[in-house]
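What follows is the content of final.cif (mmCIF, C-alpha atoms).
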```cif
data_run
#
loop_
_atom_site.label_atom_id
_atom_site.label_comp_id
_atom_site.auth_asym_id
_atom_site.auth_seq_id
_atom_site.Cartn_x
_atom_site.Cartn_y
_atom_site.Cartn_z
CA GLY A 1 93.05 99.10 203.30
CA SER A 2 96.14 96.94 203.23
CA SER A 3 97.72 93.62 202.30
CA ASP A 4 97.87 92.81 206.04
CA HIS A 5 94.05 92.40 205.93
CA ALA A 6 93.42 95.50 208.07
CA LEU A 7 92.05 99.00 207.58
CA TYR A 8 93.59 102.01 209.32
CA ALA A 9 92.04 105.41 210.10
CA TYR A 10 94.09 108.59 210.60
CA ASP A 11 93.38 112.08 211.86
CA LEU A 12 94.11 114.33 208.88
CA SER A 13 95.02 117.28 211.11
CA SER A 14 97.60 115.52 213.30
CA GLY A 15 98.50 112.51 211.14
CA VAL A 16 97.94 110.24 214.15
CA GLN A 17 96.45 106.77 213.61
CA THR A 18 93.10 106.69 215.40
CA ARG A 19 91.79 103.26 214.60
CA GLN A 20 92.62 99.79 213.29
CA MET A 21 89.76 97.79 211.79
CA PHE A 22 90.84 94.20 212.28
CA ASP A 23 91.01 91.71 215.13
CA LYS A 24 90.72 87.96 215.71
CA ARG A 25 86.94 87.96 215.27
CA ASN A 26 86.38 90.81 212.80
CA GLY A 27 87.88 91.72 209.45
CA HIS A 28 89.16 90.41 206.19
CA ARG A 29 91.03 87.15 205.69
CA GLU A 30 92.83 88.41 202.58
CA TRP A 31 94.05 91.71 201.10
CA VAL A 32 91.69 94.67 201.37
CA SER A 33 91.06 95.72 197.75
CA CYS A 34 88.68 98.71 198.03
CA VAL A 35 87.19 101.08 200.61
CA ALA A 36 84.30 103.59 200.65
CA HIS A 37 82.61 105.79 203.26
CA THR A 38 78.92 106.12 203.99
CA HIS A 39 77.19 109.49 204.47
CA ASP A 40 76.94 108.91 208.24
CA GLY A 41 80.61 108.16 208.94
CA ARG A 42 80.72 104.40 208.59
CA THR A 43 83.14 102.49 206.36
CA VAL A 44 82.60 99.75 203.77
CA SER A 45 85.49 97.55 202.65
CA GLY A 46 85.88 94.86 200.03
CA GLY A 47 88.57 92.21 199.95
CA MET A 48 90.15 89.47 197.91
CA ASP A 49 88.39 87.07 200.31
CA SER A 50 85.07 87.99 198.56
CA ARG A 51 83.87 89.65 201.78
CA LEU A 52 82.09 93.01 201.79
CA LEU A 53 82.17 94.47 205.30
CA LEU A 54 80.35 97.38 206.95
CA TRP A 55 82.24 98.93 209.87
CA GLY A 56 80.68 101.14 212.52
CA ALA A 57 81.88 104.69 213.11
CA ARG A 58 83.85 103.40 216.13
CA GLY A 59 85.32 100.14 217.34
CA ALA A 60 86.40 97.06 215.39
CA SER A 61 83.10 95.19 214.92
CA CYS A 62 81.65 94.76 211.44
CA HIS A 63 78.70 93.35 209.51
CA GLU A 64 79.15 91.26 206.36
CA PHE A 65 77.03 91.87 203.27
CA ARG A 66 76.75 88.35 201.88
CA GLY A 67 76.43 87.42 198.22
CA HIS A 68 79.70 87.80 196.35
CA THR A 69 81.74 84.69 195.57
CA GLY A 70 84.84 86.37 194.14
CA SER A 71 87.32 89.11 194.96
CA ILE A 72 85.67 92.54 195.40
CA SER A 73 87.11 94.98 192.85
CA ALA A 74 85.14 98.16 193.62
CA VAL A 75 82.66 99.52 196.15
CA GLY A 76 80.72 102.76 196.57
CA CYS A 77 77.95 104.27 198.68
CA THR A 78 75.11 106.44 197.44
CA SER A 79 74.61 109.84 199.07
CA SER A 80 72.35 110.75 202.00
CA SER A 81 69.93 112.44 199.57
CA SER A 82 68.95 109.02 198.28
CA SER A 83 65.58 107.76 199.55
CA LYS A 84 67.24 104.39 200.10
CA PRO A 85 71.02 104.66 200.71
CA LEU A 86 72.83 101.83 198.98
CA VAL A 87 76.14 100.07 199.02
CA ILE A 88 77.12 99.13 195.46
CA SER A 89 79.85 96.60 194.73
CA ALA A 90 81.55 94.89 191.78
CA SER A 91 83.38 91.60 191.84
CA TYR A 92 85.45 89.01 190.02
CA ASP A 93 82.36 86.79 190.28
CA LYS A 94 81.09 88.78 187.24
CA THR A 95 78.31 90.53 189.16
CA VAL A 96 77.35 94.01 190.37
CA ARG A 97 75.32 94.01 193.57
CA ALA A 98 73.38 96.60 195.57
CA PHE A 99 72.68 96.34 199.31
CA ASP A 100 70.29 98.39 201.44
CA LEU A 101 72.44 100.26 203.98
CA ARG A 102 69.56 100.39 206.45
CA SER A 103 68.25 96.81 206.36
CA ARG A 104 71.67 95.42 205.32
CA ARG A 105 69.97 93.13 202.80
CA GLN A 106 70.89 92.53 199.18
CA LEU A 107 68.43 94.27 196.88
CA LEU A 108 69.89 93.69 193.43
CA CYS A 109 72.27 91.34 191.67
CA PHE A 110 73.19 92.27 188.10
CA SER A 111 74.66 89.49 185.95
CA GLY A 112 75.58 90.72 182.48
CA HIS A 113 79.36 90.56 182.30
CA LYS A 114 81.18 87.58 180.79
CA GLY A 115 84.30 88.17 182.86
CA PRO A 116 85.39 89.78 186.14
CA VAL A 117 84.02 93.28 186.75
CA LEU A 118 86.92 95.71 187.19
CA SER A 119 85.41 99.19 187.49
CA LEU A 120 82.28 100.78 188.92
CA ASP A 121 80.68 104.22 189.09
CA TRP A 122 77.25 105.58 189.96
CA ALA A 123 75.22 108.76 189.57
CA ALA A 124 72.64 110.65 191.64
CA SER A 125 70.11 109.89 188.91
CA GLY A 126 69.96 106.27 190.10
CA LEU A 127 72.15 104.77 187.39
CA ALA A 128 75.32 102.71 187.83
CA LEU A 129 78.10 101.81 185.42
CA SER A 130 80.37 98.80 185.30
CA GLY A 131 83.22 97.69 183.06
CA GLY A 132 85.01 94.38 182.91
CA ARG A 133 87.45 91.97 181.36
CA GLY A 134 84.89 91.00 178.74
CA GLY A 135 85.52 94.34 177.00
CA ILE A 136 82.06 95.81 177.54
CA ALA A 137 80.54 98.53 179.73
CA ILE A 138 77.01 98.20 181.11
CA ALA A 139 74.71 100.89 182.50
CA TRP A 140 72.28 99.71 185.17
CA ASP A 141 69.09 101.26 186.53
CA LEU A 142 69.22 100.85 190.32
CA GLN A 143 65.56 101.71 190.70
CA ALA A 144 64.11 99.53 187.93
CA GLY A 145 66.62 96.76 188.66
CA GLY A 146 67.93 96.06 185.18
CA PRO A 147 70.34 97.11 182.41
CA VAL A 148 69.65 100.19 180.31
CA GLY A 149 72.60 99.92 177.95
CA MET A 150 75.41 97.55 176.98
CA LEU A 151 78.24 99.29 175.11
CA LYS A 152 80.90 97.52 173.05
CA GLY A 153 83.88 98.91 171.15
CA HIS A 154 87.06 98.59 173.21
CA LYS A 155 89.74 96.01 172.52
CA GLY A 156 90.74 94.36 175.78
CA HIS A 157 89.62 94.90 179.37
CA VAL A 158 87.50 97.94 180.24
CA THR A 159 89.55 99.24 183.17
CA VAL A 160 87.72 102.49 184.03
CA VAL A 161 84.14 103.80 183.81
CA ARG A 162 83.03 107.31 184.84
CA TRP A 163 79.90 109.43 184.49
CA LEU A 164 80.48 112.87 183.06
CA GLN A 165 78.19 114.49 185.64
CA GLN A 166 79.62 115.34 189.08
CA SER A 167 76.48 115.55 191.16
CA ARG A 168 76.79 112.12 192.84
CA SER A 169 79.58 113.40 195.06
CA GLY A 170 77.86 116.63 195.94
CA GLY A 171 79.66 118.67 193.32
CA THR A 172 78.30 120.64 190.39
CA GLY A 173 74.89 119.90 188.98
CA SER A 174 74.29 118.52 185.51
CA SER A 175 71.87 118.87 182.65
CA SER A 176 69.71 115.97 181.51
CA GLY A 177 72.07 115.52 178.59
CA GLU A 178 75.16 115.28 180.80
CA ALA A 179 73.35 112.78 183.02
CA SER A 180 73.29 110.29 180.14
CA VAL A 181 76.94 110.69 179.10
CA PHE A 182 79.79 108.61 180.45
CA MET A 183 83.41 107.71 179.69
CA THR A 184 85.26 104.42 179.49
CA GLY A 185 88.95 103.59 179.33
CA ALA A 186 90.55 100.29 178.43
CA GLN A 187 93.66 98.27 177.74
CA ASP A 188 93.65 99.62 174.18
CA GLY A 189 94.60 103.11 175.42
CA HIS A 190 91.40 104.69 174.12
CA VAL A 191 88.98 106.93 175.98
CA ARG A 192 85.48 106.52 174.59
CA ILE A 193 82.51 108.79 175.28
CA TRP A 194 79.03 107.27 175.22
CA ASP A 195 75.50 108.67 175.34
CA LEU A 196 72.71 106.45 176.62
CA ARG A 197 70.13 108.45 174.68
CA SER A 198 71.56 107.23 171.39
CA ARG A 199 72.81 103.92 172.85
CA GLY A 200 76.15 104.53 171.17
CA GLU A 201 79.55 106.14 171.06
CA ILE A 202 79.85 109.87 170.46
CA ALA A 203 83.66 110.18 170.61
CA ASN A 204 86.70 107.92 170.52
CA ILE A 205 90.03 109.45 171.56
CA SER A 206 93.26 107.47 171.16
CA ALA A 207 94.76 109.42 174.05
CA HIS A 208 97.20 106.79 175.27
CA THR A 209 98.46 105.20 172.07
CA SER A 210 101.64 105.71 170.09
CA GLN A 211 103.94 103.89 167.68
CA ARG A 212 105.29 102.00 170.68
CA GLY A 213 101.82 100.61 171.47
CA ALA A 214 98.96 101.34 173.84
CA GLY A 215 99.04 102.20 177.52
CA ALA A 216 96.19 100.70 179.53
CA ILE A 217 94.12 103.46 181.14
CA ALA A 218 94.38 103.57 184.93
CA GLY A 219 92.05 106.46 185.69
CA ILE A 220 89.51 108.93 184.29
CA GLU A 221 88.32 111.95 186.26
CA VAL A 222 86.43 115.19 185.59
CA SER A 223 87.53 118.68 186.69
CA ALA A 224 85.39 120.67 189.12
CA SER A 225 84.00 122.84 186.33
CA GLY A 226 83.03 119.79 184.30
CA ASN A 227 84.84 121.23 181.28
CA THR A 228 87.86 118.91 181.30
CA ILE A 229 88.11 115.13 181.28
CA VAL A 230 91.44 113.85 182.60
CA SER A 231 92.86 110.40 181.84
CA ALA A 232 96.06 108.66 182.91
CA GLY A 233 97.65 105.46 181.72
CA ALA A 234 100.45 102.96 181.61
CA ASP A 235 102.10 105.03 178.87
CA ARG A 236 103.08 107.44 181.72
CA ALA A 237 100.91 110.23 180.29
CA VAL A 238 98.18 112.44 181.76
CA CYS A 239 95.78 113.72 179.08
CA MET A 240 93.34 116.65 179.23
CA LEU A 241 90.26 116.45 176.99
CA ASP A 242 88.18 119.58 176.33
CA VAL A 243 84.48 118.75 176.81
CA ARG A 244 83.28 121.97 175.12
CA ALA A 245 85.45 121.35 172.05
CA GLY A 246 84.04 117.94 171.24
CA PHE A 247 86.38 116.12 173.65
CA LYS A 248 89.44 117.24 171.71
CA LEU A 249 92.82 116.55 173.33
CA ARG A 250 93.87 119.87 174.89
CA HIS A 251 97.31 118.78 176.05
CA ARG A 252 99.28 115.70 177.11
CA ALA A 253 101.66 115.73 180.09
CA THR A 254 104.51 113.21 180.03
CA ASP A 255 106.43 114.04 183.20
CA HIS A 256 105.99 110.67 184.92
CA LYS A 257 108.93 108.26 184.64
CA ASP A 258 106.89 105.14 185.43
CA PHE A 259 103.41 103.72 184.94
CA ILE A 260 100.59 105.79 186.45
CA TYR A 261 98.38 103.84 188.84
CA GLU A 262 96.19 106.48 190.47
CA LEU A 263 94.46 109.72 189.44
CA LYS A 264 92.32 112.33 191.21
CA THR A 265 91.13 115.85 190.37
CA VAL A 266 90.96 118.79 192.79
CA GLY A 267 89.43 121.94 191.36
CA GLU A 268 91.08 122.47 187.98
CA ASN A 269 94.13 120.36 188.84
CA ALA A 270 94.91 116.67 188.23
CA ILE A 271 96.94 114.74 190.80
CA SER A 272 98.52 111.47 189.64
CA GLY A 273 100.70 108.84 191.31
CA GLY A 274 103.26 106.62 189.60
CA GLY A 275 105.06 103.34 190.00
CA ASP A 276 108.23 105.02 191.25
CA GLY A 277 106.45 106.65 194.22
CA SER A 278 106.18 110.09 192.64
CA VAL A 279 103.11 112.36 192.62
CA TYR A 280 102.52 115.15 190.07
CA CYS A 281 99.96 117.93 190.10
CA HIS A 282 99.12 119.19 186.59
CA SER A 283 96.86 122.07 185.63
CA THR A 284 93.92 120.90 183.56
CA LEU A 285 93.70 124.28 181.80
CA GLU A 286 97.27 124.65 180.57
CA ASP A 287 100.33 122.51 179.97
CA LYS A 288 101.88 123.18 183.35
CA VAL A 289 103.20 121.18 186.32
CA GLN A 290 101.96 122.89 189.50
CA TRP A 291 104.21 120.79 191.76
CA ASN A 292 105.63 117.31 192.19
CA VAL A 293 106.85 115.24 195.17
CA ARG A 294 108.09 111.71 195.79
CA PRO A 295 106.60 110.63 199.13
CA LEU A 296 106.94 106.87 198.64
CA THR A 297 109.71 104.46 197.73
CA ASN A 298 107.39 102.17 195.77
CA ALA A 299 104.28 102.52 193.63
CA VAL A 300 101.51 104.95 194.58
CA ARG A 301 98.24 102.97 194.75
CA CYS A 302 95.87 105.38 196.46
CA ILE A 303 95.38 109.16 196.52
CA GLY A 304 92.79 110.95 198.62
CA CYS A 305 92.11 114.70 198.51
CA THR A 306 90.19 117.28 200.50
CA GLU A 307 90.25 121.06 200.07
CA ASN A 308 93.41 121.33 202.16
CA ARG A 309 94.83 117.82 202.56
CA LEU A 310 96.44 115.25 200.27
CA VAL A 311 96.83 111.62 201.37
CA VAL A 312 99.13 109.27 199.45
CA ALA A 313 99.56 105.54 200.16
CA GLY A 314 101.20 102.71 198.30
CA ASP A 315 103.21 99.53 198.05
CA ASP A 316 105.79 100.47 200.68
CA GLY A 317 103.08 100.24 203.36
CA SER A 318 103.12 103.89 204.37
CA ALA A 319 100.56 106.69 204.20
CA VAL A 320 101.77 110.30 203.83
CA ILE A 321 99.59 113.36 204.53
CA TYR A 322 100.32 116.76 202.98
CA LYS A 323 98.73 120.09 203.87
CA PHE A 324 97.92 122.38 200.95
#
```
Would you write out, as structure tokens, the structure that this file holds?
Amino acid sequence: GSSDHALYAYDLSSGVQTRQMFDKRNGHREWVSCVAHTHDGRTVSGGMDSRLLLWGARGASCHEFRGHTGSISAVGCTSSSSSKPLVISASYDKTVRAFDLRSRRQLLCFSGHKGPVLSLDWAASGLALSGGRGGIAIAWDLQAGGPVGMLKGHKGHVTVVRWLQQSRSGGTGSSSGEASVFMTGAQDGHVRIWDLRSRGEIANISAHTSQRGAGAIAGIEVSASGNTIVSAGADRAVCMLDVRAGFKLRHRATDHKDFIYELKTVGENAISGGGDGSVYCHSTLEDKVQWNVRPLTNAVRCIGCTENRLVVAGDDGSAVIYKF
């Protein structure tokens, strides 16, 4: 998605643009702020125009999921294993909404935040997480249609929420205990670990704070093994937390020369993009830089990874594809 109101699709093998999702009758009227893919090859996009659009697998026609009245900050799609595939979205209108992908109707509207909702995540267990400017994180039950936990503790905006389990994306399975545990990151530079069973915090790591102040957390991810939590922030650091050692800080990489805006994990590696257009790949198991490149001239805003491809896009309007 782009500031020119359009979405672009590329063939990862050839790098050739295959599709533009925008024309005079279809598309966003403002910047595209978030994008997700459905299990059957369709695309969902959210924009600053408060529109949430479902695009077919081909062509430039789209359907609008109506309901939001503010800029869309995050969107996701539940997996094909779900009995009722959903599109889940968060917005500056302070709500989290769920739409039925089949009937295209709104099923749920959660209103618990006091400010714009900034971050969203979901799990195969039927739970969703949201964090916002009000400084709280809320866990929602998508099946029962209500909140199951409201967690407070951060100072400033909650910028990132993530479940510890990986099963929602088809990765490793999780125990019932892991299914109740999630992480939050905020403006205060802290990563907090919560457990819904106790309705409280089980760890608080000041991973991105120093005498110079706190670096707002831009991303939290989990390694493929589930044994390492990775966080990145405006303090230019990438931190590795050891899940099996009580979430203790294993090591802290400070190779970036500018703020970090994007973070992804591939296997046991963390890939992060910075404000100067650089991308670093760090091992999550040891204090080691695997490689680094500078594909862009301005900030990296989006990183996508497959087993053998890396896609980087950012403020200079370009998308670069690497082959592993």
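Nearest to Ile205 (chain A) of all the residues A:Gly70, A:Gly185, A:Gly219, A:Gly156 is A:Gly185, based on all atoms listed in the file.
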If you count only C-alpha atoms, the residue of A:Asp255, A:Glu286, A:Asp93, A:Glu262 closest to Asp242 (chain A) turns out to be A:Glu286
Contact residues around Ala9 (chain A) with all atoms listed in the file at 7 Å, ignoring same-chain residues under 4 positions, as a compact mmCIF listing (two decimals) with C-alpha atoms, in the coordinates of the input:
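Saved to selection.txt:
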```txt
# COMPACT_ATOMS: atom_id res chain seq x y z
CA GLN A 17 96.45 106.77 213.61
CA THR A 18 93.10 106.69 215.40
CA ARG A 19 91.79 103.26 214.60
CA GLN A 20 92.62 99.79 213.29
```
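Counting from CA of His113 (chain A), the distance to CA of Ala179 (chain A) is 23.0 Å.
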Q. Where does the PyMOL selection byres ((chain A and resi 160) around 6) land in this file, that is, which residues does it pick, as a list in words?
A. Ser119, Val158, Thr159, Val161, Thr184 and Gly185 of chain A
Expressed in Å, the length from CA of Val117 (chain A) to CA of Ser180 (chain A) is 21.2 Å
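Counting from CA of Leu86 (chain A), the distance to CA of Trp31 (chain A) is 23.6 Å.
Of the listed residues A:Thr306, A:Pro295, A:Met183, A:Gln165, the one whose atoms come nearest to Val320 (chain A) is A:Pro295, with distances taken using all atoms listed in the file.
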_Residues matched by the PyMOL selection byres ((chain A and resi 148) around 9) as number ranges by chain_ = A: 127, 138-141, 146-147, 149-150, 196, 199
Write the residues you've just listed into a file as a PDB file, keeping the file's coordinate frame, and include C-alpha atoms for each of them.
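Below you can see out.pdb, which holds the result:
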```pdb
ATOM      1  CA  LEU A 127      72.150 104.770 187.390  1.00  0.00           C
ATOM      2  CA  ILE A 138      77.010  98.200 181.110  1.00  0.00           C
ATOM      3  CA  ALA A 139      74.710 100.890 182.500  1.00  0.00           C
ATOM      4  CA  TRP A 140      72.280  99.710 185.170  1.00  0.00           C
ATOM      5  CA  ASP A 141      69.090 101.260 186.530  1.00  0.00           C
ATOM      6  CA  GLY A 146      67.930  96.060 185.180  1.00  0.00           C
ATOM      7  CA  PRO A 147      70.340  97.110 182.410  1.00  0.00           C
ATOM      8  CA  GLY A 149      72.600  99.920 177.950  1.00  0.00           C
ATOM      9  CA  MET A 150      75.410  97.550 176.980  1.00  0.00           C
ATOM     10  CA  LEU A 196      72.710 106.450 176.620  1.00  0.00           C
ATOM     11  CA  ARG A 199      72.810 103.920 172.850  1.00  0.00           C
TER      12      ARG A 199
END
```
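All polymer residues at most 7 Å from (90.6, 121.1, 180.5), using all atoms listed in the file, appear as Asn227, Thr228, Ile229, Met240, Leu241, Asp242, Arg250, Thr284 and Leu285 of chain A.
Checking A:Lys288, A:Arg294, A:Arg25, A:His39 one by one against Lys257 (chain A), counting only C-alpha atoms, you find the shortest gap at A:Arg294.
Take the candidates A:Arg29, A:Trp163, A:Leu7, A:Ser71 and check each one against Thr43 (chain A) using all atoms listed in the file; the shortest distance goes to A:Leu7.
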| request: Please evaluate the PyMOL selection byres ((chain A and resi 75) around 12) against the displayed coordinates and give the resulting residues as a PyMOL selection string. | output: chain A and resi 32-38+43-47+51-54+65+71-74+76-78+86-91+96-99+117-122+128-130
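Once Ala224 (chain A) and its same-chain neighbours fewer than 2 positions away are set aside, A:Val222, A:Gly226, A:Val266, A:Gly267, A:Glu268 remain within 7 Å of it when counting only C-alpha atoms.
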Among A:Ala60, A:Cys239, A:Leu263, A:Val300, Asp287 (chain A) is approached most closely, using only C-alpha atoms, by A:Cys239
- Neighbours of Gly41 (chain A) within 10 Å (all atoms listed in the file; same-chain residues fewer than 5 positions away dropped), as number ranges by chain? A: 55-58
Compile the contact shell of Gln187 (chain A) as a VMD selection string: residues with an atom at most 12 Å away, counting only C-alpha atoms, same-chain residues fewer than 3 positions apart removed.
chain A and resid 118 131 to 136 153 to 160 184 190 to 191 206 to 209 213 to 219 232 to 235
